[in-house]
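Below: query21.cif (mmCIF, C-alpha atoms)
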```cif
data_coords
loop_
_atom_site.group_PDB
_atom_site.id
_atom_site.type_symbol
_atom_site.label_atom_id
_atom_site.label_comp_id
_atom_site.auth_asym_id
_atom_site.auth_seq_id
_atom_site.Cartn_x
_atom_site.Cartn_y
_atom_site.Cartn_z
ATOM 1 C CA MET F 1 0.000 0.000 0.000
ATOM 2 C CA ARG F 2 1.254 3.459 -0.883
ATOM 3 C CA GLU F 3 0.423 6.599 1.050
ATOM 4 C CA ASN F 4 1.214 10.105 -0.098
ATOM 5 C CA GLY F 5 -0.736 12.254 2.316
ATOM 6 C CA ARG F 6 0.850 14.298 5.058
ATOM 7 C CA VAL F 7 0.352 12.745 8.500
ATOM 8 C CA THR F 8 -0.275 15.161 11.328
ATOM 9 C CA SER F 9 -1.244 12.714 14.077
ATOM 10 C CA ALA F 10 2.281 12.421 15.486
ATOM 11 C CA THR F 11 1.944 15.515 17.676
ATOM 12 C CA ARG F 12 2.363 14.728 21.316
ATOM 13 C CA GLN F 13 -0.560 15.761 23.517
ATOM 14 C CA PRO F 14 0.525 15.386 27.172
ATOM 15 C CA GLU F 15 -2.898 15.047 28.759
ATOM 16 C CA THR F 16 -1.801 12.451 31.310
ATOM 17 C CA PRO F 17 1.555 12.066 33.086
ATOM 18 C CA ALA F 18 3.496 9.355 31.266
ATOM 19 C CA ALA F 19 4.378 7.502 34.460
ATOM 20 C CA ALA F 20 0.664 6.947 35.221
ATOM 21 C CA VAL F 21 0.069 4.987 31.998
ATOM 22 C CA PRO F 22 1.275 1.365 31.720
ATOM 23 C CA PRO F 23 3.247 0.861 28.483
ATOM 24 C CA ARG F 24 1.756 -1.238 25.706
ATOM 25 C CA LEU F 25 4.415 -0.782 23.023
ATOM 26 C CA ILE F 26 8.194 -0.360 22.930
ATOM 27 C CA ALA F 27 9.610 1.438 19.878
ATOM 28 C CA THR F 28 13.357 1.208 19.491
ATOM 29 C CA ASP F 29 15.895 2.398 16.976
ATOM 30 C CA LEU F 30 18.568 -0.128 15.991
ATOM 31 C CA ASP F 31 22.017 1.276 15.146
ATOM 32 C CA GLY F 32 23.553 3.057 18.125
ATOM 33 C CA THR F 33 20.549 2.100 20.248
ATOM 34 C CA LEU F 34 19.465 -1.546 20.404
ATOM 35 C CA LEU F 35 22.477 -2.889 18.515
ATOM 36 C CA ARG F 36 25.953 -2.837 19.938
ATOM 37 C CA ASP F 37 28.674 -1.204 17.852
ATOM 38 C CA ASP F 38 29.533 -4.602 16.332
ATOM 39 C CA LYS F 39 25.894 -4.749 15.086
ATOM 40 C CA SER F 40 24.995 -7.609 17.400
ATOM 41 C CA VAL F 41 22.021 -7.961 19.743
ATOM 42 C CA SER F 42 23.379 -8.965 23.137
ATOM 43 C CA PRO F 43 21.926 -11.971 24.994
ATOM 44 C CA ARG F 44 20.720 -9.617 27.712
ATOM 45 C CA THR F 45 18.817 -7.524 25.164
ATOM 46 C CA VAL F 46 17.352 -10.618 23.482
ATOM 47 C CA ALA F 47 16.057 -11.770 26.867
ATOM 48 C CA ALA F 48 14.606 -8.333 27.679
ATOM 49 C CA LEU F 49 12.756 -8.119 24.371
ATOM 50 C CA ALA F 50 11.325 -11.611 24.846
ATOM 51 C CA ALA F 51 10.252 -10.767 28.388
ATOM 52 C CA ALA F 52 8.466 -7.627 27.186
ATOM 53 C CA GLU F 53 6.563 -9.564 24.524
ATOM 54 C CA GLU F 54 5.664 -12.258 27.072
ATOM 55 C CA ALA F 55 4.298 -9.509 29.323
ATOM 56 C CA GLY F 56 2.017 -8.362 26.487
ATOM 57 C CA ILE F 57 4.076 -5.334 25.411
ATOM 58 C CA GLU F 58 4.630 -5.166 21.653
ATOM 59 C CA VAL F 59 8.135 -4.377 20.423
ATOM 60 C CA PHE F 60 8.593 -2.412 17.205
ATOM 61 C CA PHE F 61 11.956 -1.879 15.556
ATOM 62 C CA VAL F 62 11.921 1.623 14.063
ATOM 63 C CA THR F 63 14.978 2.272 11.928
ATOM 64 C CA GLY F 64 16.476 4.193 9.049
ATOM 65 C CA ARG F 65 17.720 0.890 7.627
ATOM 66 C CA PRO F 66 16.206 -0.525 4.439
ATOM 67 C CA ALA F 67 14.291 -3.780 4.741
ATOM 68 C CA ARG F 68 17.124 -5.801 3.216
ATOM 69 C CA TRP F 69 19.365 -4.868 6.165
ATOM 70 C CA MET F 70 16.988 -6.237 8.797
ATOM 71 C CA ASP F 71 18.501 -9.696 9.081
ATOM 72 C CA VAL F 72 20.283 -8.556 12.281
ATOM 73 C CA VAL F 73 16.949 -8.529 14.135
ATOM 74 C CA SER F 74 14.652 -10.717 12.022
ATOM 75 C CA ASP F 75 14.848 -13.484 14.648
ATOM 76 C CA HIS F 76 13.511 -11.125 17.314
ATOM 77 C CA VAL F 77 10.317 -9.715 15.772
ATOM 78 C CA HIS F 78 8.113 -12.157 17.710
ATOM 79 C CA GLY F 79 4.430 -12.521 16.860
ATOM 80 C CA HIS F 80 3.565 -9.474 14.785
ATOM 81 C CA GLY F 81 6.692 -9.654 12.608
ATOM 82 C CA LEU F 82 6.581 -5.978 11.673
ATOM 83 C CA ALA F 83 9.286 -3.320 11.554
ATOM 84 C CA ILE F 84 9.272 0.324 10.466
ATOM 85 C CA CYS F 85 12.105 0.882 7.988
ATOM 86 C CA GLY F 86 13.559 3.758 5.983
ATOM 87 C CA ASN F 87 12.765 6.369 8.661
ATOM 88 C CA GLY F 88 9.062 5.654 8.376
ATOM 89 C CA ALA F 89 8.892 5.164 4.601
ATOM 90 C CA ALA F 90 7.881 1.503 4.929
ATOM 91 C CA VAL F 91 6.274 -0.950 7.306
ATOM 92 C CA VAL F 92 7.712 -4.373 6.572
ATOM 93 C CA ASP F 93 6.675 -7.896 7.551
ATOM 94 C CA LEU F 94 9.932 -9.733 8.285
ATOM 95 C CA HIS F 95 8.399 -13.165 8.823
ATOM 96 C CA GLY F 96 9.727 -14.449 5.516
ATOM 97 C CA GLY F 97 13.334 -13.902 6.576
ATOM 98 C CA PRO F 98 16.111 -12.061 4.688
ATOM 99 C CA GLY F 99 15.177 -11.381 1.073
ATOM 100 C CA ALA F 100 11.587 -12.557 1.527
ATOM 101 C CA HIS F 101 10.103 -9.607 3.397
ATOM 102 C CA ARG F 102 6.722 -8.132 2.456
ATOM 103 C CA PHE F 103 5.927 -4.412 2.330
ATOM 104 C CA VAL F 104 2.768 -3.813 4.352
ATOM 105 C CA LYS F 105 2.736 -0.021 3.991
ATOM 106 C CA VAL F 106 4.790 2.276 1.739
ATOM 107 C CA ARG F 107 4.933 6.057 2.137
ATOM 108 C CA GLU F 108 6.912 7.048 -0.890
ATOM 109 C CA LEU F 109 8.810 10.147 -1.898
ATOM 110 C CA ALA F 110 7.197 11.377 -5.126
ATOM 111 C CA ARG F 111 9.711 11.518 -7.967
ATOM 112 C CA ASP F 112 8.862 15.146 -8.738
ATOM 113 C CA ASN F 113 9.610 16.073 -5.132
ATOM 114 C CA ALA F 114 12.801 14.030 -5.267
ATOM 115 C CA ILE F 115 14.044 15.744 -8.415
ATOM 116 C CA ASP F 116 13.235 19.161 -6.905
ATOM 117 C CA ALA F 117 15.125 18.233 -3.742
ATOM 118 C CA VAL F 118 18.195 17.142 -5.699
ATOM 119 C CA GLY F 119 18.334 20.396 -7.645
ATOM 120 C CA LEU F 120 17.706 22.662 -4.676
ATOM 121 C CA LEU F 121 20.315 20.969 -2.532
ATOM 122 C CA ARG F 122 22.881 20.974 -5.350
ATOM 123 C CA ASP F 123 22.455 24.758 -5.469
ATOM 124 C CA ALA F 124 22.556 25.197 -1.687
ATOM 125 C CA ALA F 125 25.476 22.804 -1.077
ATOM 126 C CA PRO F 126 27.630 22.352 -4.217
ATOM 127 C CA GLY F 127 29.465 19.069 -4.201
ATOM 128 C CA THR F 128 26.551 17.030 -2.828
ATOM 129 C CA VAL F 129 26.253 13.530 -4.307
ATOM 130 C CA TYR F 130 23.226 11.237 -4.161
ATOM 131 C CA ALA F 131 21.910 7.720 -3.879
ATOM 132 C CA VAL F 132 18.302 6.591 -4.336
ATOM 133 C CA GLU F 133 16.725 3.989 -2.065
ATOM 134 C CA GLN F 134 13.677 2.190 -3.472
ATOM 135 C CA THR F 135 11.609 -0.681 -2.135
ATOM 136 C CA TYR F 136 13.956 -3.287 -3.570
ATOM 137 C CA GLY F 137 16.572 -1.383 -5.579
ATOM 138 C CA PHE F 138 19.513 0.822 -4.646
ATOM 139 C CA TYR F 139 20.926 3.307 -7.187
ATOM 140 C CA GLN F 140 23.641 5.910 -6.894
ATOM 141 C CA GLU F 141 25.670 8.555 -8.659
ATOM 142 C CA PRO F 142 29.188 7.560 -9.778
ATOM 143 C CA ASP F 143 30.859 9.843 -7.203
ATOM 144 C CA TYR F 144 28.738 8.661 -4.276
ATOM 145 C CA PRO F 145 31.142 6.947 -1.838
ATOM 146 C CA LYS F 146 30.980 3.285 -0.851
ATOM 147 C CA LEU F 147 29.181 3.901 2.419
ATOM 148 C CA HIS F 148 26.821 0.952 2.419
ATOM 149 C CA MET F 149 28.935 -2.062 1.490
ATOM 150 C CA GLU F 150 26.694 -3.080 -1.381
ATOM 151 C CA ILE F 151 26.812 -2.957 -5.138
ATOM 152 C CA PRO F 152 24.323 -0.456 -6.606
ATOM 153 C CA ASP F 153 21.891 -1.605 -9.268
ATOM 154 C CA GLU F 154 22.774 1.360 -11.480
ATOM 155 C CA LEU F 155 25.266 4.252 -11.637
ATOM 156 C CA ALA F 156 23.969 7.508 -13.132
ATOM 157 C CA PRO F 157 23.240 11.153 -12.217
ATOM 158 C CA ALA F 158 20.410 11.407 -9.703
ATOM 159 C CA GLU F 159 18.180 13.234 -12.170
ATOM 160 C CA ASP F 160 18.463 10.250 -14.551
ATOM 161 C CA LEU F 161 17.871 7.744 -11.753
ATOM 162 C CA LEU F 162 14.630 9.552 -10.874
ATOM 163 C CA ALA F 163 13.373 10.018 -14.439
ATOM 164 C CA PRO F 164 10.082 8.373 -15.517
ATOM 165 C CA ASP F 165 11.990 5.907 -17.708
ATOM 166 C CA ALA F 166 14.727 5.166 -15.165
ATOM 167 C CA PRO F 167 15.627 1.626 -14.104
ATOM 168 C CA GLY F 168 13.214 0.633 -11.377
ATOM 169 C CA ALA F 169 10.767 3.401 -12.293
ATOM 170 C CA ASP F 170 7.890 1.083 -11.358
ATOM 171 C CA GLU F 171 9.147 0.904 -7.753
ATOM 172 C CA PRO F 172 8.374 3.543 -5.115
ATOM 173 C CA VAL F 173 11.230 5.764 -3.981
ATOM 174 C CA LEU F 174 11.567 5.478 -0.207
ATOM 175 C CA LYS F 175 14.267 8.068 0.350
ATOM 176 C CA ILE F 176 17.211 9.887 -1.175
ATOM 177 C CA LEU F 177 20.620 9.811 0.462
ATOM 178 C CA ALA F 178 22.635 13.018 0.087
ATOM 179 C CA TYR F 179 26.325 13.024 0.986
ATOM 180 C CA HIS F 180 28.767 15.911 1.223
ATOM 181 C CA PRO F 181 32.490 15.217 1.613
ATOM 182 C CA THR F 182 33.454 18.302 3.626
ATOM 183 C CA LEU F 183 30.478 19.932 5.352
ATOM 184 C CA ASP F 184 29.732 19.662 9.076
ATOM 185 C CA PRO F 185 26.920 17.085 9.477
ATOM 186 C CA ASP F 186 24.614 19.288 11.566
ATOM 187 C CA GLY F 187 25.313 22.309 9.391
ATOM 188 C CA PHE F 188 24.506 20.281 6.281
ATOM 189 C CA LEU F 189 21.221 19.198 7.854
ATOM 190 C CA THR F 190 20.255 22.797 8.614
ATOM 191 C CA THR F 191 21.183 23.909 5.094
ATOM 192 C CA ALA F 192 19.099 21.151 3.544
ATOM 193 C CA ARG F 193 16.035 21.822 5.684
ATOM 194 C CA LEU F 194 16.108 25.503 4.786
ATOM 195 C CA ALA F 195 16.611 24.746 1.087
ATOM 196 C CA LEU F 196 13.907 22.081 0.756
ATOM 197 C CA GLY F 197 11.233 23.526 3.025
ATOM 198 C CA ASP F 198 8.071 21.428 2.953
ATOM 199 C CA ARG F 199 8.964 19.555 -0.254
ATOM 200 C CA ALA F 200 10.480 16.720 1.781
ATOM 201 C CA ASN F 201 11.426 15.627 5.275
ATOM 202 C CA VAL F 202 15.184 15.751 5.924
ATOM 203 C CA THR F 203 17.059 14.078 8.762
ATOM 204 C CA ARG F 204 20.268 12.214 9.489
ATOM 205 C CA SER F 205 21.482 9.190 11.431
ATOM 206 C CA SER F 206 25.120 8.949 10.352
ATOM 207 C CA PRO F 207 28.111 10.594 12.053
ATOM 208 C CA SER F 208 29.185 11.788 8.590
ATOM 209 C CA ALA F 209 27.516 14.466 6.453
ATOM 210 C CA LEU F 210 24.952 12.005 5.093
ATOM 211 C CA LEU F 211 21.332 13.153 4.944
ATOM 212 C CA GLU F 212 18.195 11.071 4.469
ATOM 213 C CA ILE F 213 15.406 12.727 2.477
ATOM 214 C CA SER F 214 11.870 11.294 2.682
ATOM 215 C CA GLY F 215 8.410 12.357 1.591
ATOM 216 C CA PRO F 216 6.707 15.348 3.253
ATOM 217 C CA GLY F 217 5.510 14.384 6.721
ATOM 218 C CA VAL F 218 7.195 10.983 6.598
ATOM 219 C CA SER F 219 9.171 10.214 9.758
ATOM 220 C CA LYS F 220 9.627 7.480 12.295
ATOM 221 C CA ALA F 221 7.107 9.273 14.503
ATOM 222 C CA SER F 222 4.327 9.686 11.958
ATOM 223 C CA THR F 223 4.487 6.069 10.770
ATOM 224 C CA LEU F 224 4.696 4.790 14.336
ATOM 225 C CA ALA F 225 1.619 6.896 15.116
ATOM 226 C CA LEU F 226 -0.241 5.200 12.246
ATOM 227 C CA CYS F 227 0.761 1.733 13.474
ATOM 228 C CA CYS F 228 -0.282 2.578 17.017
ATOM 229 C CA ALA F 229 -3.621 4.001 15.900
ATOM 230 C CA GLU F 230 -4.354 0.747 14.065
ATOM 231 C CA ARG F 231 -3.806 -1.077 17.361
ATOM 232 C CA GLY F 232 -5.722 1.354 19.548
ATOM 233 C CA ILE F 233 -2.520 2.378 21.322
ATOM 234 C CA SER F 234 -2.081 6.002 22.386
ATOM 235 C CA HIS F 235 1.239 7.857 22.394
ATOM 236 C CA GLU F 236 1.096 7.798 26.202
ATOM 237 C CA GLU F 237 1.360 3.995 26.098
ATOM 238 C CA VAL F 238 4.565 4.028 24.018
ATOM 239 C CA VAL F 239 8.139 3.873 25.327
ATOM 240 C CA ALA F 240 10.735 4.904 22.710
ATOM 241 C CA PHE F 241 14.528 4.704 22.474
ATOM 242 C CA GLY F 242 16.963 6.484 20.136
ATOM 243 C CA ASP F 243 20.333 8.120 19.642
ATOM 244 C CA MET F 244 20.389 10.314 16.520
ATOM 245 C CA PRO F 245 18.452 13.234 14.967
ATOM 246 C CA ASN F 246 16.201 10.900 12.963
ATOM 247 C CA ASP F 247 14.822 9.722 16.332
ATOM 248 C CA VAL F 248 13.921 13.163 17.706
ATOM 249 C CA GLU F 249 10.295 13.289 16.491
ATOM 250 C CA MET F 250 9.615 9.760 17.749
ATOM 251 C CA LEU F 251 11.088 10.506 21.166
ATOM 252 C CA THR F 252 9.078 13.725 21.432
ATOM 253 C CA TRP F 253 5.868 11.937 20.466
ATOM 254 C CA ALA F 254 6.149 8.935 22.774
ATOM 255 C CA GLY F 255 4.768 9.088 26.303
ATOM 256 C CA GLN F 256 8.101 7.947 27.705
ATOM 257 C CA SER F 257 11.363 8.229 25.802
ATOM 258 C CA TYR F 258 15.012 7.523 26.457
ATOM 259 C CA ALA F 259 18.147 8.937 24.909
ATOM 260 C CA MET F 260 21.056 6.536 24.881
ATOM 261 C CA GLY F 261 24.228 7.376 26.781
ATOM 262 C CA ASN F 262 25.905 7.822 23.380
ATOM 263 C CA ALA F 263 23.134 10.049 21.977
ATOM 264 C CA HIS F 264 23.380 13.241 19.921
ATOM 265 C CA PRO F 265 22.687 16.424 21.969
ATOM 266 C CA ASP F 266 19.411 17.044 20.118
ATOM 267 C CA VAL F 267 18.212 13.584 21.145
ATOM 268 C CA ILE F 268 19.101 14.190 24.784
ATOM 269 C CA ALA F 269 17.112 17.422 24.689
ATOM 270 C CA ALA F 270 14.084 15.709 23.096
ATOM 271 C CA ALA F 271 13.847 12.642 25.334
ATOM 272 C CA SER F 272 12.096 12.539 28.694
ATOM 273 C CA GLY F 273 14.775 10.275 30.173
ATOM 274 C CA ARG F 274 18.253 8.857 29.633
ATOM 275 C CA THR F 275 19.761 5.404 29.798
ATOM 276 C CA VAL F 276 23.265 4.006 29.410
ATOM 277 C CA ALA F 277 24.983 3.555 26.039
ATOM 278 C CA ASN F 278 24.134 0.947 23.431
ATOM 279 C CA ASN F 279 27.259 -1.070 24.255
ATOM 280 C CA GLU F 280 26.029 -1.250 27.857
ATOM 281 C CA ASP F 281 22.591 -2.604 26.857
ATOM 282 C CA GLY F 282 20.782 0.642 27.639
ATOM 283 C CA VAL F 283 17.482 -0.535 26.132
ATOM 284 C CA ALA F 284 17.535 -3.746 28.167
ATOM 285 C CA VAL F 285 18.301 -1.802 31.367
ATOM 286 C CA VAL F 286 15.089 0.220 30.977
ATOM 287 C CA ILE F 287 12.936 -2.741 29.928
ATOM 288 C CA GLU F 288 14.097 -4.803 32.898
ATOM 289 C CA ARG F 289 13.294 -1.972 35.307
ATOM 290 C CA MET F 290 9.957 -1.311 33.634
ATOM 291 C CA LEU F 291 8.904 -4.966 33.925
ATOM 292 C CA ALA F 292 10.080 -5.183 37.535
ATOM 293 C CA GLU F 293 7.900 -2.184 38.438
ATOM 294 C CA ARG F 294 4.723 -3.572 36.863
ATOM 295 C CA PRO F 295 1.997 -4.467 39.372
#
```
Once more with this new file: its structure as structure tokens, please.
Amino acid sequence: MRENGRVTSATRQPETPAAAVPPRLIATDLDGTLLRDDKSVSPRTVAALAAAEEAGIEVFFVTGRPARWMDVVSDHVHGHGLAICGNGAAVVDLHGGPGAHRFVKVRELARDNAIDAVGLLRDAAPGTVYAVEQTYGFYQEPDYPKLHMEIPDELAPAEDLLAPDAPGADEPVLKILAYHPTLDPDGFLTTARLALGDRANVTRSSPSALLEISGPGVSKASTLALCCAERGISHEEVVAFGDMPNDVEMLTWAGQSYAMGNAHPDVIAAASGRTVANNEDGVAVVIERMLAERP
């Protein structure tokens, strides 16, 4: 299913103190949050996730990763099997295992918006190079660096990759990746947001100057809000974890939220609480305490 409309339901409304509402869903980022730096899920974290599910609390992985990179957690999706990928651009059923996932919901970046974004950001930040992430394909410009350890399906200028007759033109575009070799990452993000305005949503999750450009209104928070609404779960019943700017909206929206000990300053400011770093199993620490405090 494709969705193009702007979602406005991910605005936090703090009617009730978060601590007074028992959690029904845990939403956690992966890289720098749930995963250790070696990209593993520790035994302690595996046990905490299983204990949460056994207690009736759903666990959603909410990540900037594409679906094809979800093998690191595909064994831990439990009953529902769903994950939010591409910073909210897709909801994916991982039950089929690596390479056999099914897209349940797609919130694409319209190609016209994508082409506009490429041109505007080229003007605002000369030297920017691009890659295009689609539901199944990955395409990039020749000068785009080897950041993702995979072979692109096609090398061409971004404008050609986004053209109506481009390879993979029948697939939705989930996001554009924009890389600059010399700019400060946070400065690049500010420049891009000013240049693109409401044509797209711009964020970042990498320590380098690598931006992720999605459709207008598409974010981890807005897609999580849709998934929660389908389950009758309010924002107050959600506990969220994150470490980078692409987590800020989700952490602001959730009733309870935790910045990792290794988090970006903007994430620390957005979250209602803090936990220890990803390498110290910060997500598991909170889940264990939360379950121990349940009546």
Polymer residues at most 9 Å from Pro157 of chain F, only C-alpha atoms, same-chain spacing of 6 or more positions, as a PDB file with C-alpha atoms, keeping the file's coordinate frame:
```pdb
ATOM      1  CA  VAL F 129      26.253  13.530  -4.307  1.00  0.00           C
ATOM      2  CA  TYR F 130      23.226  11.237  -4.161  1.00  0.00           C
ATOM      3  CA  GLN F 140      23.641   5.910  -6.894  1.00  0.00           C
ATOM      4  CA  GLU F 141      25.670   8.555  -8.659  1.00  0.00           C
ATOM      5  CA  PRO F 142      29.188   7.560  -9.778  1.00  0.00           C
TER       6      PRO F 142
END
```
For Arg122 of chain F, the nearest of the candidates F:Ala169, F:Leu196, F:Ala156, F:Val73, counting only C-alpha atoms =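 Closest to Arg122 of chain F of all the choices is F:Leu196.
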Inset, instruction - Between F:Ala125, F:Leu109, F:Val118, F:Ala225, single out the one closest to Pro172 of chain F, counting all atoms listed in the file. - result: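 For Pro172 of chain F, the nearest of the candidates is F:Leu109.
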What residues come out when you apply the PyMOL selection byres ((chain F and resi 148-150) around 12) to this file, written as number ranges by chain?
F: 65-66, 68-69, 131, 133, 137-140, 144-147, 151-154, 177, 206, 210
- Task: List the neighbours of Ser42 of chain F out to 12 Å using all atoms listed in the file; skip same-chain residues closer than 5 positions along the sequence, and give me the result as an NGL selection string.
- Result: :F and (33-37 or 47-49 or 72-73 or 76 or 278-284)
Nearest residue to Cys227 of chain F from the set F:Glu58, F:Asp29, F:Glu53, F:Glu108 (distances using all atoms listed in the file):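 Going through F:Glu58, F:Asp29, F:Glu53, F:Glu108 one by one, the smallest distance to Cys227 of chain F is for F:Glu58.
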Kindly resolve the PyMOL selection byres ((chain F and resi 86) around 9) on the present coordinates and return the residues as a CSV table (one decimal) with C-alpha atoms, in the frame of the given file.
```csv
chain,number,residue,atom,x,y,z
F,62,VAL,CA,11.9,1.6,14.1
F,63,THR,CA,15.0,2.3,11.9
F,64,GLY,CA,16.5,4.2,9.0
F,65,ARG,CA,17.7,0.9,7.6
F,66,PRO,CA,16.2,-0.5,4.4
F,67,ALA,CA,14.3,-3.8,4.7
F,84,ILE,CA,9.3,0.3,10.5
F,85,CYS,CA,12.1,0.9,8.0
F,87,ASN,CA,12.8,6.4,8.7
F,88,GLY,CA,9.1,5.7,8.4
F,89,ALA,CA,8.9,5.2,4.6
F,90,ALA,CA,7.9,1.5,4.9
F,91,VAL,CA,6.3,-1.0,7.3
F,133,GLU,CA,16.7,4.0,-2.1
F,174,LEU,CA,11.6,5.5,-0.2
F,175,LYS,CA,14.3,8.1,0.4
F,212,GLU,CA,18.2,11.1,4.5
F,214,SER,CA,11.9,11.3,2.7
F,219,SER,CA,9.2,10.2,9.8
F,220,LYS,CA,9.6,7.5,12.3
```
In terms of all atoms listed in the file, the residue from F:Gly217, F:Ser40, F:Asp31, F:Ile57 at minimal distance from Val239 of chain F is F:Ile57
A straight line from atom CA of Ala192 of chain F to atom CA of Ile213 of chain F spans 9.3 Å
